[in-house]
Each structure stands twice: as C-alpha cells, then as structure tokens.
file entry.txt (compact mmCIF, C-alpha atoms)
# COMPACT_ATOMS: atom_id res chain seq x y z
CA MET A 1 54.29 -27.49 -37.86
CA ASP A 2 50.56 -26.82 -38.02
CA LEU A 3 49.33 -25.81 -41.46
CA SER A 4 45.68 -26.58 -40.80
CA LYS A 5 44.65 -22.94 -41.26
CA LEU A 6 44.64 -21.16 -44.59
CA GLY A 7 47.88 -19.78 -45.95
CA ILE A 8 48.81 -17.03 -48.39
CA ILE A 9 51.03 -17.18 -51.46
CA THR A 10 51.77 -13.91 -53.19
CA PHE A 11 54.46 -11.98 -55.02
CA LEU A 12 55.95 -9.26 -52.83
CA ASP A 13 58.34 -7.61 -55.28
CA ALA A 14 55.86 -4.78 -55.90
CA LEU A 15 56.24 -3.83 -52.21
CA ASN A 16 59.32 -2.16 -50.76
CA GLY A 17 61.06 -3.76 -47.80
CA LYS A 18 59.11 -1.87 -45.15
CA GLU A 19 55.80 -2.61 -46.85
CA ALA A 20 56.65 -6.31 -47.16
CA GLY A 21 57.28 -6.52 -43.41
CA GLN A 22 54.04 -4.70 -42.66
CA PHE A 23 52.17 -7.06 -44.96
CA ALA A 24 53.62 -10.15 -43.24
CA ARG A 25 52.54 -8.81 -39.84
CA LYS A 26 49.00 -8.27 -41.16
CA VAL A 27 48.92 -11.81 -42.52
CA GLU A 28 49.92 -13.09 -39.08
CA GLN A 29 47.36 -10.90 -37.30
CA TRP A 30 44.61 -12.15 -39.62
CA GLY A 31 45.40 -15.69 -38.47
CA TYR A 32 46.90 -17.26 -41.58
CA SER A 33 49.28 -20.15 -40.94
CA VAL A 34 51.93 -19.62 -43.62
CA LEU A 35 53.15 -17.00 -46.07
CA TRP A 36 54.72 -18.48 -49.21
CA VAL A 37 57.03 -16.21 -51.21
CA PRO A 38 57.74 -17.22 -54.82
CA ASP A 39 61.26 -17.39 -56.20
CA ALA A 40 60.57 -15.32 -59.29
CA MET A 41 63.21 -12.97 -60.72
CA GLY A 42 63.21 -10.42 -57.94
CA ARG A 43 64.35 -10.68 -54.33
CA GLU A 44 66.45 -13.65 -53.22
CA VAL A 45 63.98 -15.78 -51.27
CA PHE A 46 66.09 -16.89 -48.31
CA SER A 47 67.04 -13.32 -47.44
CA LEU A 48 63.43 -12.27 -47.85
CA SER A 49 62.21 -15.19 -45.73
CA ALA A 50 64.65 -14.27 -42.94
CA SER A 51 63.45 -10.67 -43.00
CA LEU A 52 59.77 -11.66 -42.81
CA LEU A 53 60.41 -14.23 -40.07
CA SER A 54 62.28 -11.64 -37.99
CA GLN A 55 59.32 -9.25 -38.19
CA THR A 56 56.67 -11.79 -37.14
CA GLU A 57 56.24 -14.08 -34.15
CA ARG A 58 54.26 -17.17 -35.16
CA LEU A 59 53.86 -17.04 -38.92
CA VAL A 60 55.45 -19.84 -40.95
CA VAL A 61 57.33 -18.48 -43.97
CA GLY A 62 58.75 -20.37 -46.89
CA PRO A 63 59.79 -20.10 -50.54
CA GLY A 64 57.04 -21.25 -52.82
CA VAL A 65 59.25 -22.35 -54.51
CA VAL A 66 63.06 -22.20 -54.75
CA ILE A 67 64.23 -22.97 -58.30
CA VAL A 68 66.77 -25.71 -57.66
CA TYR A 69 68.81 -25.18 -60.82
CA ALA A 70 69.82 -21.74 -59.53
CA TYR A 71 71.46 -22.95 -56.28
CA GLU A 72 73.99 -25.56 -55.21
CA PRO A 73 72.41 -28.20 -52.95
CA ILE A 74 74.64 -27.28 -50.01
CA ALA A 75 73.53 -23.64 -50.28
CA ILE A 76 69.84 -24.51 -50.01
CA ALA A 77 70.40 -27.18 -47.36
CA ASN A 78 72.37 -24.91 -45.08
CA ALA A 79 70.20 -21.84 -45.62
CA SER A 80 67.23 -23.99 -44.65
CA ARG A 81 69.02 -25.38 -41.60
CA THR A 82 70.02 -21.88 -40.53
CA LEU A 83 66.47 -20.56 -40.72
CA GLY A 84 65.15 -23.72 -39.09
CA GLU A 85 67.45 -23.17 -36.12
CA LEU A 86 66.95 -19.40 -35.79
CA PHE A 87 63.16 -19.59 -36.26
CA ALA A 88 62.16 -22.93 -34.78
CA ASP A 89 59.29 -24.69 -36.56
CA ARG A 90 58.55 -21.60 -38.65
CA PHE A 91 60.39 -22.21 -41.93
CA ILE A 92 59.14 -24.48 -44.70
CA LEU A 93 61.11 -25.17 -47.86
CA GLY A 94 59.37 -25.43 -51.21
CA LEU A 95 61.49 -26.73 -54.09
CA GLY A 96 60.71 -26.71 -57.81
CA VAL A 97 62.20 -26.75 -61.28
CA SER A 98 60.17 -24.01 -63.05
CA ASN A 99 60.18 -24.56 -66.83
CA ARG A 100 62.57 -24.35 -69.74
CA GLY A 101 61.45 -20.93 -71.00
CA ALA A 102 61.64 -19.24 -67.59
CA ASN A 103 65.03 -20.80 -66.89
CA ASP A 104 66.32 -19.55 -70.24
CA ARG A 105 65.38 -16.04 -69.11
CA ARG A 106 67.17 -16.67 -65.81
CA GLY A 107 70.24 -17.85 -67.68
CA ILE A 108 70.23 -21.29 -66.02
CA ALA A 109 69.85 -24.82 -67.34
CA TYR A 110 66.76 -27.00 -67.41
CA GLU A 111 67.93 -30.58 -67.01
CA LYS A 112 65.90 -33.79 -66.64
CA PRO A 113 63.71 -32.72 -63.70
CA VAL A 114 63.05 -35.96 -61.81
CA SER A 115 66.58 -37.39 -61.89
CA PHE A 116 68.04 -33.96 -61.16
CA VAL A 117 65.81 -33.41 -58.13
CA ARG A 118 66.35 -36.94 -56.81
CA GLU A 119 70.13 -36.43 -56.83
CA TYR A 120 69.70 -32.91 -55.50
CA LEU A 121 67.77 -34.07 -52.44
CA ALA A 122 70.41 -36.70 -51.69
CA LYS A 123 73.15 -34.06 -51.88
CA MET A 124 71.17 -31.76 -49.59
CA LYS A 125 70.87 -34.49 -46.96
CA ALA A 126 74.61 -35.23 -47.18
CA ALA A 127 75.73 -31.58 -47.09
CA PRO A 128 78.07 -30.86 -44.15
CA TYR A 129 76.88 -28.34 -41.57
CA ASN A 130 79.07 -27.29 -38.66
CA ALA A 131 76.64 -25.06 -36.76
CA PRO A 132 73.85 -25.80 -34.25
CA THR A 133 71.21 -27.87 -36.00
CA PRO A 134 67.50 -27.12 -35.71
CA GLN A 135 65.54 -29.23 -33.25
CA GLN A 136 63.38 -30.24 -36.19
CA GLN A 137 64.53 -30.13 -39.79
CA PRO A 138 62.35 -27.76 -41.83
CA PRO A 139 59.86 -29.73 -43.93
CA ILE A 140 60.41 -29.88 -47.68
CA VAL A 141 57.65 -29.96 -50.28
CA LEU A 142 58.15 -30.39 -54.02
CA SER A 143 56.22 -28.41 -56.59
CA GLY A 144 55.76 -31.03 -59.24
CA MET A 145 52.46 -32.41 -60.45
CA MET A 146 53.49 -34.99 -63.03
CA PRO A 147 53.35 -38.60 -61.78
CA LYS A 148 57.08 -39.29 -61.39
CA MET A 149 57.73 -36.03 -59.54
CA LEU A 150 54.74 -36.68 -57.29
CA GLN A 151 56.12 -40.10 -56.43
CA LEU A 152 59.43 -38.47 -55.57
CA ALA A 153 57.61 -35.93 -53.40
CA ALA A 154 55.75 -38.73 -51.62
CA THR A 155 58.82 -40.82 -50.89
CA GLU A 156 61.61 -38.28 -50.35
CA THR A 157 59.92 -35.16 -48.94
CA GLN A 158 56.95 -34.14 -46.81
CA GLY A 159 54.72 -33.83 -49.87
CA THR A 160 53.84 -31.45 -52.68
CA LEU A 161 52.82 -27.85 -53.34
CA THR A 162 50.44 -27.48 -56.29
CA TYR A 163 50.04 -24.52 -58.62
CA PHE A 164 47.55 -23.55 -61.34
CA THR A 165 45.33 -26.54 -60.72
CA THR A 166 41.66 -27.34 -60.89
CA THR A 167 39.87 -29.10 -58.03
CA GLU A 168 39.76 -32.24 -60.18
CA GLN A 169 43.54 -32.13 -60.53
CA VAL A 170 43.95 -31.80 -56.76
CA ALA A 171 41.82 -34.93 -56.33
CA ARG A 172 44.02 -36.81 -58.82
CA ILE A 173 47.18 -35.62 -57.07
CA ARG A 174 45.90 -36.99 -53.76
CA GLN A 175 45.28 -40.35 -55.43
CA THR A 176 48.84 -40.39 -56.77
CA LEU A 177 50.44 -39.33 -53.48
CA GLY A 178 48.53 -41.72 -51.28
CA PRO A 179 46.93 -40.78 -47.95
CA ASN A 180 49.86 -39.56 -45.87
CA PRO A 181 52.06 -37.01 -47.70
CA TRP A 182 51.15 -33.36 -47.42
CA LEU A 183 49.16 -31.93 -50.30
CA CYS A 184 49.53 -28.16 -50.09
CA ALA A 185 47.10 -26.73 -52.61
CA ILE A 186 46.97 -23.21 -54.01
CA GLN A 187 43.69 -21.58 -54.98
CA ALA A 188 43.72 -18.31 -56.92
CA VAL A 189 40.93 -16.08 -55.59
CA LEU A 190 39.34 -12.89 -56.87
CA LEU A 191 36.77 -10.96 -54.84
CA GLU A 192 34.75 -9.76 -57.82
CA THR A 193 31.11 -10.68 -58.47
CA GLU A 194 30.67 -9.21 -61.96
CA ALA A 195 31.37 -12.11 -64.33
CA THR A 196 32.78 -10.24 -67.32
CA LYS A 197 35.19 -8.22 -65.21
CA ALA A 198 36.22 -11.19 -63.07
CA ARG A 199 36.98 -13.40 -66.05
CA ALA A 200 38.91 -10.64 -67.83
CA LEU A 201 41.11 -10.18 -64.76
CA ALA A 202 41.52 -13.94 -64.39
CA ARG A 203 42.61 -14.27 -68.02
CA ARG A 204 45.26 -11.61 -67.48
CA TYR A 205 46.71 -13.84 -64.75
CA MET A 206 46.23 -17.11 -66.63
CA GLN A 207 47.72 -16.16 -69.98
CA THR A 208 51.28 -16.53 -68.66
CA TYR A 209 50.73 -20.12 -67.59
CA LEU A 210 48.74 -21.14 -70.66
CA ALA A 211 51.91 -20.47 -72.65
CA ILE A 212 53.83 -23.10 -70.64
CA ASP A 213 53.74 -26.60 -72.05
CA HIS A 214 53.49 -28.71 -68.89
CA TYR A 215 50.48 -26.75 -67.60
CA VAL A 216 48.80 -27.18 -70.98
CA GLN A 217 49.54 -30.91 -71.05
CA ARG A 218 47.93 -31.42 -67.66
CA LEU A 219 44.84 -29.45 -68.63
CA ARG A 220 44.48 -31.44 -71.86
CA SER A 221 44.53 -34.63 -69.78
CA LEU A 222 41.39 -33.32 -68.06
CA GLY A 223 39.60 -32.87 -71.37
CA TYR A 224 40.28 -29.20 -72.10
CA GLY A 225 40.80 -28.64 -75.81
CA ASP A 226 42.22 -25.98 -78.11
CA ALA A 227 39.20 -23.70 -77.71
CA ASP A 228 39.52 -23.83 -73.91
CA LEU A 229 43.24 -22.99 -74.01
CA ALA A 230 43.10 -20.08 -76.47
CA ASN A 231 42.85 -16.37 -75.67
CA GLY A 232 43.54 -16.69 -71.96
CA GLY A 233 41.12 -19.56 -71.46
CA SER A 234 37.46 -20.36 -72.04
CA ASP A 235 34.88 -19.39 -69.43
CA ARG A 236 34.83 -23.05 -68.33
CA LEU A 237 38.59 -23.16 -67.80
CA VAL A 238 38.75 -19.73 -66.16
CA ASP A 239 36.07 -20.75 -63.68
CA ALA A 240 37.92 -23.99 -62.91
CA ILE A 241 41.27 -22.29 -62.21
CA VAL A 242 40.27 -19.02 -60.53
CA ALA A 243 37.69 -18.77 -57.77
CA TRP A 244 35.82 -15.49 -58.24
CA GLY A 245 32.66 -14.08 -56.76
CA SER A 246 31.43 -13.27 -53.26
CA GLU A 247 33.20 -14.11 -50.03
CA ASP A 248 30.89 -17.10 -49.52
CA GLN A 249 31.58 -18.38 -53.03
CA LEU A 250 35.34 -18.13 -52.46
CA ARG A 251 35.07 -19.98 -49.15
CA GLU A 252 33.10 -22.73 -50.88
CA ARG A 253 35.82 -23.20 -53.49
CA ILE A 254 38.48 -23.36 -50.77
CA ALA A 255 36.42 -25.95 -48.90
CA ASP A 256 36.26 -28.02 -52.10
CA GLN A 257 40.07 -28.30 -52.08
CA PHE A 258 39.97 -29.81 -48.60
CA LYS A 259 37.14 -32.15 -49.56
CA VAL A 260 39.18 -33.73 -52.37
CA GLY A 261 42.25 -34.29 -50.19
CA ALA A 262 44.27 -31.12 -49.62
CA THR A 263 46.16 -31.09 -46.32
CA HIS A 264 46.64 -27.34 -46.52
CA VAL A 265 45.26 -24.62 -48.79
CA SER A 266 46.86 -21.27 -49.55
CA ILE A 267 45.07 -18.53 -51.43
CA LEU A 268 46.66 -16.50 -54.21
CA PRO A 269 44.92 -13.12 -53.84
CA LEU A 270 44.50 -11.65 -57.32
CA ASN A 271 44.06 -7.91 -57.37
CA PRO A 272 40.75 -6.73 -58.93
CA ARG A 273 42.43 -3.48 -59.97
CA GLY A 274 44.93 -5.44 -62.02
CA GLU A 275 47.82 -4.29 -59.85
CA ALA A 276 50.84 -6.42 -58.92
CA ARG A 277 50.20 -5.81 -55.23
CA PRO A 278 48.23 -8.47 -53.31
CA ASP A 279 44.59 -7.61 -52.67
CA GLU A 280 44.40 -7.09 -48.90
CA ARG A 281 40.63 -6.79 -49.09
CA VAL A 282 40.14 -10.46 -50.02
CA ILE A 283 42.86 -11.55 -47.58
CA ALA A 284 41.00 -9.80 -44.74
CA ALA A 285 37.64 -11.16 -45.90
CA LEU A 286 38.84 -14.78 -45.89
CA ALA A 287 40.95 -14.49 -42.73
CA PRO A 288 40.81 -17.62 -40.54
CA ARG A 289 40.65 -15.50 -37.37
call {"tool": "encode", "arguments": {"input": "entry.txt", "output": "structure tokens"}}
result
Amino acid sequence: MDLSKLGIITFLDALNGKEAGQFARKVEQWGYSVLWVPDAMGREVFSLSASLLSQTERLVVGPGVVIVYAYEPIAIANASRTLGELFADRFILGLGVSNRGANDRRGIAYEKPVSFVREYLAKMKAAPYNAPTPQQQPPIVLSGMMPKMLQLAATETQGTLTYFTTTEQVARIRQTLGPNPWLCAIQAVLLETEATKARALARRYMQTYLAIDHYVQRLRSLGYGDADLANGGSDRLVDAIVAWGSEDQLRERIADQFKVGATHVSILPLNPRGEARPDERVIAALAPR
C-alpha cells in the first residue's frame, strides 16, 4: 500500500450518500492516496468505507479511527478482512479509544486504554474467519500519542495515526516509535490569509479538543500554559495546530511534517465559511496531481 502522496481526513456526515460518493471520486481524481473517515456519532464507518471503495478505483479508504470500545474484536477483524478481500490493498484500518467524555455520550465504557487495546488486538488476530482471506491483511494503525500506546502501535501494528498535533509533537512521536513504523500525521489546513479571520475559524475547530484532558496534557508537556489553552487557544497555539494562509504557506507546513519524520500526511480541510462540509477549494489547491 503506497501512502507516499497526501491523504484527506474529513467528516462526511454533512453530505448525503450521493454527495459523499461524488466527493470520494473527486479526491481520487485529484490524486490523493487515502481518504480517512472518522468514526464520530454518525454513519457506521465500515458500511461507509465499503460504499466509498465501491465508487472509486484506486483510492485507499479507511476509518480514522474506529472506536474499539463500540465493537467486538471479531466484528472489526472480519469487517476488515472482508473489505481487504473485496478491495485488495485499498482498505486501511485505524483504531482508537476516543476519550471518556465522548464515550459517555456514546453510551459505552472507557476502560484502561493500553491494556484494553493490547488484548483487543490479540483477539482480532485470533478471530475465526471462514471466507476467502485477503492476499494481504489490511494494515492497522493506532491513534494513540501517549508513550505506552505508541510503543504498542510500534510493536503490534503498522504504526500510528496522529491527531491535533504540532510539528514538534510529530517529531517526538517519531523518536518514540523508532525509524520503521508508519507515522501517519494529520495537518489541519485553512486556506485563509487574513490572520484575524483565520484564527477565529481555527479556534472554532480547536475549542472542542482543548476541553479534552489528554490533548491538554500533551500540549502542556510542550510548554503551553493556561493562557495558551484558554478561549480556544492563544495565537501561538493556534498557529502551531492549524496551518492557515496561502497555498504556498500550507504546502510548507505539510513539508515540515515530512521533515520531522512523518511517513504519510493527510490534510484536514477546515471550511473558511465555518460550514461542516469539507472545503473543496483547499483540497483542489493542494492536490498531489
């Protein structure tokens, strides 16, 4: 599976089914390597992935990420095997644990993440499957950026998928993983050159994650203090998390992710109109093709 070109990660629940398929075809035509679809509280991600894969020819599609507490290991293992067989070398499986507050809203537990995921992966590998197996098992990446989860990602899966990180954090993650595991980085991008407007839009996106403890802990470890974390983030923090500006400035920030060790980079296209729909303008502007 070649993920050397840019990818896209975006929420598609604001699009109807027909629009989601059309969007996936555009992403493929623009030359992106992968389309990640988050497991939020909308569409079920395996059904959505199957639909998007069936409407494209080369595009890799994968959940970014499946919340493991919501599924039995055999369900995820065999859904992944099914898609891996039906769409050879085009399905990638992202796994994650979310956070306690979000799982409370989902009505599911939040158990000890590292031990839970370690046992979960073992159960997935052992799950029986009495259908044709894929020629290659779909790769698995873990979305976990604390040291113990990163070590688990490095030893038991293909690597990790980051989220809501600064370039400095990506560099630290590479150091923790070592040289070989995949480091799939996500860079939020906003094609807006007016600073006040860009930062206001970025704060609207960031405020959700600045209310989640493990994101805050990681940012504090980089030296961000109370003033940086209040009111949607200081200018310094906003500029570190969200790449905004001209096309050239966005490309420079993406290149920085590769320089510090990312194997693959996906952009999260924030909409400058504040809409839930992905901004196709920035996706087209940054297209690899």
call {"tool": "closest_residue", "arguments": {"input": "entry.txt", "among": "A:Lys148, A:Glu247, A:Ile67, A:Ser54", "to": "A:Ala109", "atoms": "all atoms listed in the file"}}
result
A:Ile67
call {"tool": "residues_near_point", "arguments": {"input": "entry.txt", "point": "(47.3, -16.5, -53.1)", "cutoff": "9 Å", "atoms": "all atoms listed in the file", "output": "PyMOL selection string"}}
result
chain A and resi 7-11+36+186-189+266-270+278+283
call {"tool": "residues_around", "arguments": {"input": "entry.txt", "residues": "stretch 77-90 of chain A", "least_positions_apart": "3", "cutoff": "6 Å", "atoms": "all atoms listed in the file", "output": "PyMOL selection string"}}
result
chain A and resi 1+60+74+124+134+138
call {"tool": "write_last_selection", "arguments": {"input": "entry.txt", "atoms": "C-alpha atoms", "output": "PDB file, in the coordinates of the input"}}
result
ATOM      1  CA  MET A   1      54.290 -27.490 -37.860  1.00  0.00           C
ATOM      2  CA  VAL A  60      55.450 -19.840 -40.950  1.00  0.00           C
ATOM      3  CA  ILE A  74      74.640 -27.280 -50.010  1.00  0.00           C
ATOM      4  CA  MET A 124      71.170 -31.760 -49.590  1.00  0.00           C
ATOM      5  CA  PRO A 134      67.500 -27.120 -35.710  1.00  0.00           C
ATOM      6  CA  PRO A 138      62.350 -27.760 -41.830  1.00  0.00           C
TER       7      PRO A 138
END
call {"tool": "closest_residue", "arguments": {"input": "entry.txt", "among": "A:Lys26, A:Pro128, A:Gly232, A:Ala14", "to": "A:Ala75", "atoms": "all atoms listed in the file"}}
result
A:Pro128
call {"tool": "residues_around", "arguments": {"input": "entry.txt", "residues": "stretch 62-64 of chain A", "least_positions_apart": "3", "cutoff": "9 Å", "atoms": "only C-alpha atoms", "output": "ChimeraX atom specification"}}
result
/A:9,34-39,45-46,49,90-96,143,161
call {"tool": "closest_residue", "arguments": {"input": "entry.txt", "among": "A:Gly178, A:Met149, A:Leu210, A:Val242", "to": "A:Asp228", "atoms": "all atoms listed in the file"}}
result
A:Leu210
call {"tool": "axis_aligned_box", "arguments": {"input": "entry.txt", "around": "stretch 52-60 of chain A", "padding_each_side": "6 Å", "output": "AutoDock Vina command-line options"}}
result
--center_x 58.1 --center_y -14.5 --center_z -38.5 --size_x 20.4 --size_y 22.6 --size_z 20.7
call {"tool": "residues_around", "arguments": {"input": "entry.txt", "residues": "A:Ser51", "least_positions_apart": "4", "cutoff": "9 Å", "atoms": "all atoms listed in the file", "output": "number ranges by chain"}}
result
A: 17, 21, 46-47, 55
call {"tool": "decode", "arguments": {"input": "entry.txt", "residues": "stretch 141-159 of chain A", "atoms": "N, CA and C atoms", "output": "compact mmCIF listing (two decimals), in the first residue's frame"}}
result
# COMPACT_ATOMS: atom_id res chain seq x y z
N VAL A 141 -3.33 0.87 11.98
CA VAL A 141 -2.61 1.92 12.69
C VAL A 141 -3.41 2.32 13.92
N LEU A 142 -2.71 2.64 15.00
CA LEU A 142 -3.35 3.05 16.25
C LEU A 142 -3.28 4.55 16.41
N SER A 143 -4.39 5.14 16.79
CA SER A 143 -4.40 6.56 17.11
C SER A 143 -4.19 6.69 18.62
N GLY A 144 -2.94 6.84 18.99
CA GLY A 144 -2.62 6.99 20.40
C GLY A 144 -1.26 7.65 20.49
N MET A 145 -1.16 8.75 21.18
CA MET A 145 0.08 9.52 21.14
C MET A 145 0.81 9.59 22.48
N MET A 146 0.27 8.88 23.49
CA MET A 146 1.00 8.77 24.75
C MET A 146 2.01 7.64 24.62
N PRO A 147 3.10 7.68 25.39
CA PRO A 147 4.22 6.75 25.16
C PRO A 147 3.85 5.27 25.13
N LYS A 148 3.05 4.80 26.06
CA LYS A 148 2.74 3.37 26.12
C LYS A 148 1.92 2.94 24.91
N MET A 149 0.98 3.78 24.47
CA MET A 149 0.18 3.43 23.30
C MET A 149 1.04 3.48 22.04
N LEU A 150 1.97 4.41 21.98
CA LEU A 150 2.87 4.47 20.83
C LEU A 150 3.76 3.23 20.76
N GLN A 151 4.22 2.75 21.90
CA GLN A 151 5.01 1.53 21.91
C GLN A 151 4.17 0.34 21.43
N LEU A 152 2.92 0.31 21.82
CA LEU A 152 2.03 -0.74 21.35
C LEU A 152 1.82 -0.63 19.84
N ALA A 153 1.64 0.58 19.36
CA ALA A 153 1.50 0.79 17.91
C ALA A 153 2.73 0.32 17.16
N ALA A 154 3.90 0.58 17.73
CA ALA A 154 5.16 0.23 17.06
C ALA A 154 5.40 -1.27 17.03
N THR A 155 4.93 -1.98 18.05
CA THR A 155 5.24 -3.40 18.14
C THR A 155 4.13 -4.31 17.63
N GLU A 156 2.88 -3.84 17.66
CA GLU A 156 1.76 -4.73 17.34
C GLU A 156 0.97 -4.31 16.10
N THR A 157 1.26 -3.15 15.54
CA THR A 157 0.54 -2.69 14.35
C THR A 157 1.54 -2.07 13.37
N GLN A 158 1.00 -1.53 12.28
CA GLN A 158 1.86 -0.90 11.28
C GLN A 158 2.42 0.43 11.76
N GLY A 159 1.73 1.06 12.71
CA GLY A 159 2.21 2.35 13.20
C GLY A 159 1.09 3.15 13.83
